[in-house]
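**Student:** So that you have it, the file is start-v4.cif, and it contains mmCIF, C-alpha atoms:
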data_work
#
loop_
_atom_site.group_PDB
_atom_site.id
_atom_site.type_symbol
_atom_site.label_atom_id
_atom_site.label_comp_id
_atom_site.auth_asym_id
_atom_site.auth_seq_id
_atom_site.Cartn_x
_atom_site.Cartn_y
_atom_site.Cartn_z
ATOM 1 C CA MET A 1 191.672 157.937 61.447
ATOM 2 C CA ARG A 2 193.684 158.005 64.661
ATOM 3 C CA PRO A 3 193.624 161.843 65.020
ATOM 4 C CA LEU A 4 189.811 161.806 64.752
ATOM 5 C CA MET A 5 189.458 159.076 67.368
ATOM 6 C CA SER A 6 191.789 160.886 69.760
ATOM 7 C CA LEU A 7 189.586 164.011 69.459
ATOM 8 C CA ARG A 8 186.303 162.172 70.077
ATOM 9 C CA LEU A 9 187.363 160.330 73.210
ATOM 10 C CA PRO A 10 188.069 163.444 75.376
ATOM 11 C CA LEU A 11 184.753 164.993 74.294
ATOM 12 C CA LEU A 12 182.803 161.870 75.221
ATOM 13 C CA ALA A 13 184.599 161.623 78.534
ATOM 14 C CA VAL A 14 183.244 164.956 79.820
ATOM 15 C CA PHE A 15 179.606 163.945 79.397
ATOM 16 C CA PRO A 16 178.386 161.890 82.373
ATOM 17 C CA LEU A 17 176.927 158.476 81.769
ATOM 18 C CA SER A 18 173.668 159.640 83.376
ATOM 19 C CA VAL A 19 172.987 161.739 80.243
ATOM 20 C CA LEU A 20 172.864 158.586 78.139
ATOM 21 C CA VAL A 21 170.620 156.625 80.471
ATOM 22 C CA GLY A 22 168.450 159.408 81.952
ATOM 23 C CA CYS A 23 164.734 158.836 82.181
ATOM 24 C CA ALA A 24 162.308 161.007 80.250
ATOM 25 C CA THR A 25 158.590 161.067 79.768
ATOM 26 C CA VAL A 26 156.556 162.699 77.061
ATOM 27 C CA LYS A 27 153.496 164.797 77.760
ATOM 28 C CA PRO A 28 151.239 166.477 75.197
ATOM 29 C CA ARG A 29 150.976 170.239 75.241
ATOM 30 C CA PRO A 30 147.906 171.919 73.750
ATOM 31 C CA THR A 31 148.442 174.794 71.376
ATOM 32 C CA ALA A 32 146.542 178.036 71.509
ATOM 33 C CA PRO A 33 143.223 177.985 69.653
ATOM 34 C CA VAL A 34 142.901 180.086 66.542
ATOM 35 C CA ALA A 35 140.565 182.940 67.237
ATOM 36 C CA THR A 36 139.640 186.223 65.643
ATOM 37 C CA ALA A 37 140.088 189.335 67.695
ATOM 38 C CA GLU A 38 138.533 192.707 68.165
ATOM 39 C CA ALA A 39 139.477 195.532 70.485
ATOM 40 C CA VAL A 40 137.662 196.772 73.569
ATOM 41 C CA THR A 41 138.910 199.971 75.190
ATOM 42 C CA VAL A 42 139.132 199.853 78.972
ATOM 43 C CA ALA A 43 140.536 202.164 81.612
ATOM 44 C CA ALA A 44 143.938 200.989 82.830
ATOM 45 C CA PRO A 45 145.607 202.000 86.120
ATOM 46 C CA GLY A 46 146.471 205.675 86.116
ATOM 47 C CA GLY A 47 143.454 206.568 83.980
ATOM 48 C CA LEU A 48 145.003 205.596 80.635
ATOM 49 C CA ALA A 49 142.696 203.950 78.116
ATOM 50 C CA GLN A 50 144.121 200.801 76.542
ATOM 51 C CA PRO A 51 142.655 198.522 73.849
ATOM 52 C CA VAL A 52 142.129 194.971 75.063
ATOM 53 C CA PRO A 53 141.771 192.343 72.320
ATOM 54 C CA VAL A 54 138.762 190.071 72.663
ATOM 55 C CA THR A 55 139.067 186.641 71.085
ATOM 56 C CA ALA A 56 136.210 184.784 69.452
ATOM 57 C CA VAL A 57 136.778 181.985 71.938
ATOM 58 C CA GLU A 58 136.051 184.353 74.853
ATOM 59 C CA LEU A 59 132.929 185.626 73.126
ATOM 60 C CA GLY A 60 131.509 182.119 73.072
ATOM 61 C CA ALA A 61 132.445 180.968 69.560
ATOM 62 C CA ALA A 62 133.216 177.322 68.985
ATOM 63 C CA GLU A 63 136.739 176.467 70.073
ATOM 64 C CA VAL A 64 139.203 174.943 67.651
ATOM 65 C CA ALA A 65 140.276 171.474 68.698
ATOM 66 C CA PRO A 66 143.848 171.767 69.984
ATOM 67 C CA THR A 67 146.611 169.791 68.395
ATOM 68 C CA THR A 68 149.249 168.111 70.469
ATOM 69 C CA VAL A 69 152.979 168.652 70.418
ATOM 70 C CA ALA A 70 155.335 166.196 72.056
ATOM 71 C CA THR A 71 157.349 167.875 74.786
ATOM 72 C CA GLN A 72 160.224 166.070 76.427
ATOM 73 C CA TRP A 73 160.633 166.334 80.197
ATOM 74 C CA VAL A 74 164.061 165.299 81.445
ATOM 75 C CA SER A 75 164.722 164.468 85.079
ATOM 76 C CA ALA A 76 166.400 167.229 87.094
ATOM 77 C CA GLY A 77 169.577 165.271 87.804
ATOM 78 C CA VAL A 78 170.119 164.380 84.161
ATOM 79 C CA LEU A 79 169.564 167.944 82.958
ATOM 80 C CA GLU A 80 171.876 169.434 85.563
ATOM 81 C CA ALA A 81 174.609 166.923 84.717
ATOM 82 C CA THR A 82 174.229 167.768 81.022
ATOM 83 C CA LEU A 83 174.590 171.492 81.676
ATOM 84 C CA ARG A 84 177.701 170.998 83.778
ATOM 85 C CA ALA A 85 179.258 168.738 81.156
ATOM 86 C CA ALA A 86 178.502 171.252 78.400
ATOM 87 C CA GLU A 87 180.289 173.982 80.371
ATOM 88 C CA GLN A 88 183.459 171.881 80.419
ATOM 89 C CA VAL A 89 183.455 171.839 76.613
ATOM 90 C CA THR A 90 182.078 175.269 75.707
ATOM 91 C CA GLY A 91 182.705 177.327 78.842
ATOM 92 C CA PRO A 92 180.122 178.920 81.156
ATOM 93 C CA ALA A 93 176.925 180.237 79.638
ATOM 94 C CA SER A 94 176.174 183.948 79.580
ATOM 95 C CA THR A 95 173.436 183.504 82.217
ATOM 96 C CA THR A 96 173.950 182.909 85.922
ATOM 97 C CA GLY A 97 174.482 179.227 85.216
ATOM 98 C CA ARG A 98 172.159 178.113 88.045
ATOM 99 C CA PHE A 99 170.111 174.994 87.442
ATOM 100 C CA TRP A 100 166.844 176.623 88.569
ATOM 101 C CA ASP A 101 167.328 179.461 86.061
ATOM 102 C CA VAL A 102 166.852 176.877 83.320
ATOM 103 C CA VAL A 103 164.030 174.980 84.984
ATOM 104 C CA LEU A 104 162.041 178.121 85.817
ATOM 105 C CA ALA A 105 162.409 179.748 82.401
ATOM 106 C CA PRO A 106 158.942 180.528 81.000
ATOM 107 C CA THR A 107 157.653 178.373 78.168
ATOM 108 C CA GLN A 108 155.722 179.601 75.151
ATOM 109 C CA MET A 109 152.563 178.345 76.826
ATOM 110 C CA SER A 110 153.225 180.284 80.032
ATOM 111 C CA ARG A 111 154.163 183.439 78.110
ATOM 112 C CA SER A 112 150.804 183.316 76.352
ATOM 113 C CA ILE A 113 148.992 182.955 79.689
ATOM 114 C CA VAL A 114 150.875 185.859 81.277
ATOM 115 C CA GLN A 115 150.397 188.082 78.247
ATOM 116 C CA ARG A 116 146.633 187.574 78.315
ATOM 117 C CA SER A 117 146.582 188.166 82.087
ATOM 118 C CA LEU A 118 148.426 191.469 81.660
ATOM 119 C CA GLN A 119 145.937 192.605 79.024
ATOM 120 C CA LEU A 120 143.156 192.287 81.610
ATOM 121 C CA VAL A 121 144.906 194.198 84.429
ATOM 122 C CA GLY A 122 142.878 197.260 85.390
ATOM 123 C CA MET A 123 139.582 195.858 84.151
ATOM 124 C CA ARG A 124 136.786 196.362 86.655
ATOM 125 C CA SER A 125 134.541 193.676 85.197
ATOM 126 C CA LEU A 126 135.228 190.654 82.986
ATOM 127 C CA ARG A 127 131.842 191.204 81.338
ATOM 128 C CA ARG A 128 133.593 193.661 79.023
ATOM 129 C CA VAL A 129 135.368 190.784 77.283
ATOM 130 C CA SER A 130 133.289 187.677 77.960
ATOM 131 C CA ARG A 131 129.915 186.603 79.268
ATOM 132 C CA GLY A 132 130.890 182.962 79.007
ATOM 133 C CA VAL A 133 132.753 182.930 82.340
ATOM 134 C CA PRO A 134 131.811 184.198 85.801
ATOM 135 C CA ASP A 135 132.993 187.673 86.739
ATOM 136 C CA ASP A 136 135.264 186.431 89.527
ATOM 137 C CA CYS A 137 138.726 184.999 90.160
ATOM 138 C CA SER A 138 137.926 181.677 88.472
ATOM 139 C CA GLY A 139 136.590 183.439 85.382
ATOM 140 C CA PHE A 140 139.786 185.462 85.122
ATOM 141 C CA VAL A 141 142.120 182.435 85.160
ATOM 142 C CA ARG A 142 139.867 180.637 82.690
ATOM 143 C CA LEU A 143 140.212 183.552 80.257
ATOM 144 C CA ALA A 144 143.994 183.637 80.766
ATOM 145 C CA TYR A 145 144.390 179.902 80.186
ATOM 146 C CA ARG A 146 142.133 179.870 77.137
ATOM 147 C CA SER A 147 144.863 181.856 75.380
ATOM 148 C CA ALA A 148 146.993 178.696 75.642
ATOM 149 C CA GLY A 149 144.174 176.400 74.517
ATOM 150 C CA ILE A 150 143.387 175.149 78.035
ATOM 151 C CA ASP A 151 139.835 174.854 79.385
ATOM 152 C CA LEU A 152 140.327 174.676 83.147
ATOM 153 C CA VAL A 153 136.818 173.356 83.861
ATOM 154 C CA ALA A 154 136.431 170.908 80.981
ATOM 155 C CA HIS A 155 136.333 168.077 83.542
ATOM 156 C CA GLY A 156 133.142 169.462 85.108
ATOM 157 C CA PHE A 157 132.050 170.093 88.669
ATOM 158 C CA ARG A 158 131.048 167.918 91.585
ATOM 159 C CA ALA A 159 128.018 168.608 93.760
ATOM 160 C CA GLY A 160 128.629 171.577 96.056
ATOM 161 C CA GLU A 161 132.046 172.307 94.520
ATOM 162 C CA ASN A 162 133.107 175.829 93.652
ATOM 163 C CA ALA A 163 135.169 176.614 90.543
ATOM 164 C CA VAL A 164 138.442 177.103 92.431
ATOM 165 C CA SER A 165 138.080 173.710 94.123
ATOM 166 C CA ALA A 166 137.218 172.096 90.778
ATOM 167 C CA ILE A 167 140.335 173.545 89.116
ATOM 168 C CA PHE A 168 142.477 172.485 92.069
ATOM 169 C CA ARG A 169 141.043 168.944 91.915
ATOM 170 C CA ARG A 170 141.965 168.752 88.240
ATOM 171 C CA ALA A 171 145.502 170.014 88.944
ATOM 172 C CA VAL A 172 145.906 167.334 91.633
ATOM 173 C CA ASP A 173 144.601 164.614 89.291
ATOM 174 C CA VAL A 174 147.131 165.450 86.556
ATOM 175 C CA GLY A 175 150.033 165.947 88.982
ATOM 176 C CA SER A 176 150.708 169.626 88.268
ATOM 177 C CA VAL A 177 150.315 170.867 91.871
ATOM 178 C CA HIS A 178 153.623 171.828 93.502
ATOM 179 C CA HIS A 179 155.238 173.939 96.229
ATOM 180 C CA GLN A 180 158.472 174.726 94.370
ATOM 181 C CA PRO A 181 159.460 178.232 93.188
ATOM 182 C CA PRO A 182 156.772 179.048 90.606
ATOM 183 C CA ARG A 183 157.192 179.965 86.969
ATOM 184 C CA PRO A 184 155.317 182.773 85.218
ATOM 185 C CA GLY A 185 151.972 181.390 84.079
ATOM 186 C CA ASP A 186 151.553 179.009 87.015
ATOM 187 C CA LEU A 187 148.293 179.038 88.931
ATOM 188 C CA VAL A 188 148.402 180.108 92.583
ATOM 189 C CA PHE A 189 145.722 178.867 94.985
ATOM 190 C CA PHE A 190 144.558 180.381 98.282
ATOM 191 C CA ARG A 191 142.235 179.046 100.962
ATOM 192 C CA GLU A 192 139.795 180.694 103.366
ATOM 193 C CA THR A 193 139.927 184.103 101.663
ATOM 194 C CA TYR A 194 136.290 184.662 102.641
ATOM 195 C CA ASP A 195 133.562 182.930 104.613
ATOM 196 C CA ARG A 196 132.000 181.029 101.729
ATOM 197 C CA ASN A 197 129.559 178.963 103.795
ATOM 198 C CA ARG A 198 128.853 181.866 106.188
ATOM 199 C CA ASP A 199 129.269 179.868 109.372
ATOM 200 C CA GLY A 200 131.824 182.236 110.904
ATOM 201 C CA ARG A 201 134.645 179.705 110.796
ATOM 202 C CA ARG A 202 137.653 179.153 108.546
ATOM 203 C CA ASN A 203 136.585 175.862 106.984
ATOM 204 C CA ASP A 204 135.878 176.873 103.403
ATOM 205 C CA GLY A 205 138.768 175.199 101.583
ATOM 206 C CA MET A 206 139.991 176.638 98.260
ATOM 207 C CA THR A 207 138.372 180.002 97.642
ATOM 208 C CA HIS A 208 140.712 182.112 95.491
ATOM 209 C CA ILE A 209 143.003 181.701 92.486
ATOM 210 C CA GLY A 210 145.356 183.804 90.370
ATOM 211 C CA VAL A 211 148.122 183.635 87.743
ATOM 212 C CA VAL A 212 151.815 184.085 88.588
ATOM 213 C CA GLU A 213 153.338 186.977 86.651
ATOM 214 C CA ALA A 214 156.919 187.023 87.970
ATOM 215 C CA VAL A 215 159.215 186.200 90.893
ATOM 216 C CA ASP A 216 161.867 188.696 92.012
ATOM 217 C CA ALA A 217 165.336 188.034 93.441
ATOM 218 C CA HIS A 218 163.980 188.112 97.006
ATOM 219 C CA GLY A 219 161.347 185.462 96.339
ATOM 220 C CA THR A 220 158.381 187.825 96.199
ATOM 221 C CA VAL A 221 155.818 186.459 93.756
ATOM 222 C CA THR A 222 153.748 188.934 91.775
ATOM 223 C CA PHE A 223 150.433 187.395 90.762
ATOM 224 C CA ILE A 224 147.433 188.693 88.838
ATOM 225 C CA HIS A 225 143.916 188.012 90.069
ATOM 226 C CA ARG A 226 140.333 189.204 89.934
ATOM 227 C CA GLY A 227 139.771 190.759 93.331
ATOM 228 C CA GLY A 228 137.129 192.971 94.884
ATOM 229 C CA LYS A 229 138.213 195.992 92.831
ATOM 230 C CA GLY A 230 138.739 194.237 89.517
ATOM 231 C CA VAL A 231 141.763 192.591 87.903
ATOM 232 C CA ALA A 232 144.921 193.670 89.718
ATOM 233 C CA ARG A 233 148.342 192.562 90.890
ATOM 234 C CA GLY A 234 149.052 191.050 94.286
ATOM 235 C CA ARG A 235 152.261 190.087 96.099
ATOM 236 C CA LEU A 236 153.164 186.903 97.939
ATOM 237 C CA ASN A 237 156.335 185.925 99.781
ATOM 238 C CA LEU A 238 156.462 182.507 101.456
ATOM 239 C CA SER A 239 159.714 183.280 103.292
ATOM 240 C CA PHE A 240 157.861 185.934 105.317
ATOM 241 C CA PRO A 241 154.212 184.782 105.181
ATOM 242 C CA SER A 242 153.012 186.924 108.101
ATOM 243 C CA ARG A 243 154.835 190.139 107.107
ATOM 244 C CA HIS A 244 153.212 192.869 105.026
ATOM 245 C CA GLN A 245 156.497 194.765 104.798
ATOM 246 C CA LEU A 246 159.932 193.595 105.856
ATOM 247 C CA GLU A 247 160.639 196.945 107.511
ATOM 248 C CA GLN A 248 158.964 200.282 108.075
ATOM 249 C CA GLY A 249 158.637 202.002 104.725
ATOM 250 C CA GLY A 250 160.169 199.021 102.922
ATOM 251 C CA PRO A 251 158.759 197.131 99.944
ATOM 252 C CA VAL A 252 155.538 195.164 100.359
ATOM 253 C CA VAL A 253 156.131 191.410 100.290
ATOM 254 C CA ASN A 254 152.587 190.218 101.064
ATOM 255 C CA ASP A 255 149.350 191.985 100.212
ATOM 256 C CA TYR A 256 146.232 191.612 102.312
ATOM 257 C CA ILE A 257 143.940 189.111 100.626
ATOM 258 C CA ARG A 258 141.187 188.741 103.237
ATOM 259 C CA PRO A 259 139.833 191.923 104.814
ATOM 260 C CA ALA A 260 139.163 192.244 108.496
ATOM 261 C CA ALA A 261 135.652 191.375 109.625
ATOM 262 C CA LYS A 262 133.754 191.331 112.884
ATOM 263 C CA GLY A 263 135.720 189.164 115.267
ATOM 264 C CA SER A 264 138.426 188.439 112.667
ATOM 265 C CA ARG A 265 141.598 190.265 111.622
ATOM 266 C CA ALA A 266 142.806 190.788 108.071
ATOM 267 C CA TYR A 267 144.962 188.064 106.507
ATOM 268 C CA LEU A 268 147.955 188.267 104.166
ATOM 269 C CA ALA A 269 148.521 186.322 100.959
ATOM 270 C CA GLY A 270 151.380 184.369 102.533
ATOM 271 C CA GLU A 271 149.140 183.230 105.379
ATOM 272 C CA LEU A 272 146.392 181.885 103.117
ATOM 273 C CA PHE A 273 148.584 180.412 100.353
ATOM 274 C CA ALA A 274 147.713 176.812 99.461
ATOM 275 C CA ALA A 275 149.730 175.684 96.411
ATOM 276 C CA PHE A 276 150.981 176.408 92.896
ATOM 277 C CA ALA A 277 150.107 174.431 89.768
ATOM 278 C CA SER A 278 151.909 174.444 86.418
ATOM 279 C CA PRO A 279 149.919 174.672 83.153
ATOM 280 C CA GLU A 280 151.555 171.622 81.589
ATOM 281 C CA GLY A 281 149.168 168.699 81.666
ATOM 282 C CA LEU A 282 146.054 170.735 82.502
#
Starting from the file, lay out its structure as structure tokens.

**Tutor:**
Amino acid sequence: MRPLMSLRLPLLAVFPLSVLVGCATVKPRPTAPVATAEAVTVAAPGGLAQPVPVTAVELGAAEVAPTTVATQWVSAGVLEATLRAAEQVTGPASTTGRFWDVVLAPTQMSRSIVQRSLQLVGMRSLRRVSRGVPDDCSGFVRLAYRSAGIDLVAHGFRAGENAVSAIFRRAVDVGSVHHQPPRPGDLVFFRETYDRNRDGRRNDGMTHIGVVEAVDAHGTVTFIHRGGKGVARGRLNLSFPSRHQLEQGGPVVNDYIRPAAKGSRAYLAGELFAAFASPEGL
């Protein structure tokens, strides 16, 4: 018995006490609804025709009630301490080993949202796949999130509220709004992207929304949204919010998201960014 005890004690010593007493909460995560699919051929960028599956949910069929799966959320300090302790026993992982690499890894839910978003890129009108949502930015994110079993407007609307504001209000209520580096599948909100109330002033609140596709090593966020020319990609970099390009001929870090109008210049995505929101809890 003594050799076994002498082996266990060093292993226990490398794991910090915070791992044993760390706080955790449990949140339900909805699963994707079961839906039949058919294909609709649309023109993708570059003129290539691609089949886009259309789910029964998007065509207005009754949605399947989502089941819930318990997902454990561990506090950042506890998780980081656990990873460091594990490295002392097993050696460094094959990844970069950074804490945020683990935290920002896409979940199955977010992968489903991004996959559906990518299927819609290049589509000029959402009417080709659904008449149950508006043919605008809010309709696009609703279609993307339905693939993960999430109805973004199930909570309803308030008087005078647009869809983007309603979705943002829900995200605030459930605590999913954040300003941290986003994960693929997160929502991205913008304000004052057009003069919604037509009074000539920037006082319109939340007016545009998209889905985060990826974040590169320089912090440039690629997001997918339904813009004036259909479903397309946009770029956002909060380190350089007022720069379209970092240098002459260099890569674009912020796309223009509000065109110039009489008496007003054009605005970049970084200038009109409002917040991110994660899909968990929505």

**Student:** Compare A:Pro241, A:Arg226, A:Glu192, A:Ser264 by their minimum atom-to-atom distance to Asp136 of chain A, counting all atoms listed in the file, and give me the closest one.

**Tutor:** A:Arg226

**Student:** Using atom CA of Lys229 of chain A and atom CA of His179 of chain A as the two end points, give the distance in Å to one decimal.

**Tutor:** 28.1 Å

**Student:** Quote the spacing between atom CA of Arg235 of chain A and atom CA of Tyr256 of chain A in Å to one decimal place.

**Tutor:** 8.8 Å

**Student:** Which one is closest to Ala171 of chain A: A:His155, A:Arg128, A:Arg202, A:Arg146? Count only C-alpha atoms.

**Tutor:**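 Among the listed residues, A:His155 lies closest to Ala171 of chain A.
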
**Student:** From the set A:Phe189, A:Phe223, A:Tyr145, A:Phe157, which residue has the shortest atom-to-atom contact distance to Ser112 of chain A, counting only C-alpha atoms?

**Tutor:**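 The shortest atom-to-atom distance to Ser112 of chain A comes from A:Tyr145.
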
**Student:** To one decimal place, how far is atom CA of Leu238 of chain A from atom CA of Phe168 of chain A in Å?

**Tutor:**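 Answer for the atom CA of Leu238 of chain A to atom CA of Phe168 of chain A separation: 19.6 Å.
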
**Student:** Pull out every residue that the PyMOL selection byres ((chain A and resi 169) around 12) matches in the shown coordinates and put them as a list in words.

**Tutor:**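 Checked against the file, the PyMOL selection byres ((chain A and resi 169) around 12) matches Leu152, Val153, His155, Gly156, Phe157, Arg158, Glu161, Asn162, Ala163, Val164, Ser165, Ala166, Ile167, Phe168, Arg170, Ala171, Val172, Asp173, Val174, Gly175, Ser176, Val177, Phe189, Gly205, Met206, Ala275, Ala277 and Leu282 of chain A.
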
**Student:** Identify the residues within 10 Å of coordinate (164.2, 185.8, 97.8) (same frame as the file), considering all atoms listed in the file, and give the answer as an MDAnalysis selection string.

**Tutor:** chainID A and resid 215:221 237:240

**Student:** Tell me which protein, DNA and RNA residues are within 8 Å of Pro182 of chain A, counting only C-alpha atoms, leaving out same-chain ones fewer than 4 positions away, and put them as a PyMOL selection string.

**Tutor:** chain A and resi 104+186+212+215+276+278

**Student:** For this structure, which residues satisfy the selection - the PyMOL selection byres ((chain A and resi 273) around 7) - when it is evaluated on the file as given? I want them as a ChimeraX atom specification.

**Tutor:** /A:189-191,269-272,274-275

**Student:** Got time to write the residues from that selection, C-alpha atoms, as an mmCIF file, keeping the file's coordinate frame?

**Tutor:**
data_model
loop_
_atom_site.group_PDB
_atom_site.id
_atom_site.type_symbol
_atom_site.label_atom_id
_atom_site.label_comp_id
_atom_site.auth_asym_id
_atom_site.auth_seq_id
_atom_site.Cartn_x
_atom_site.Cartn_y
_atom_site.Cartn_z
ATOM 1 C CA PHE A 189 145.722 178.867 94.985
ATOM 2 C CA PHE A 190 144.558 180.381 98.282
ATOM 3 C CA ARG A 191 142.235 179.046 100.962
ATOM 4 C CA ALA A 269 148.521 186.322 100.959
ATOM 5 C CA GLY A 270 151.380 184.369 102.533
ATOM 6 C CA GLU A 271 149.140 183.230 105.379
ATOM 7 C CA LEU A 272 146.392 181.885 103.117
ATOM 8 C CA ALA A 274 147.713 176.812 99.461
ATOM 9 C CA ALA A 275 149.730 175.684 96.411
#

**Student:** With distances taken over only C-alpha atoms, which of A:Thr193, A:Thr222, A:Gln245, A:Thr207 is nearest to Ile257 of chain A?

**Tutor:**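 For Ile257 of chain A, the nearest of the candidates is A:Thr193.
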
**Student:** Would you pick out the contacts of Ser117 of chain A at 7 Å or less, using only C-alpha atoms, so that residues sharing its chain but fewer than 4 positions from it are not included, and give the list as a VMD selection string?

**Tutor:** chain A and resid 113 121 144 224

**Student:** With only C-alpha atoms as the atoms that count, which of A:Asp204, A:Glu213, A:Glu247, A:Glu280 lies nearest to Gln115 of chain A?

**Tutor:**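 Closest candidate: A:Glu213.
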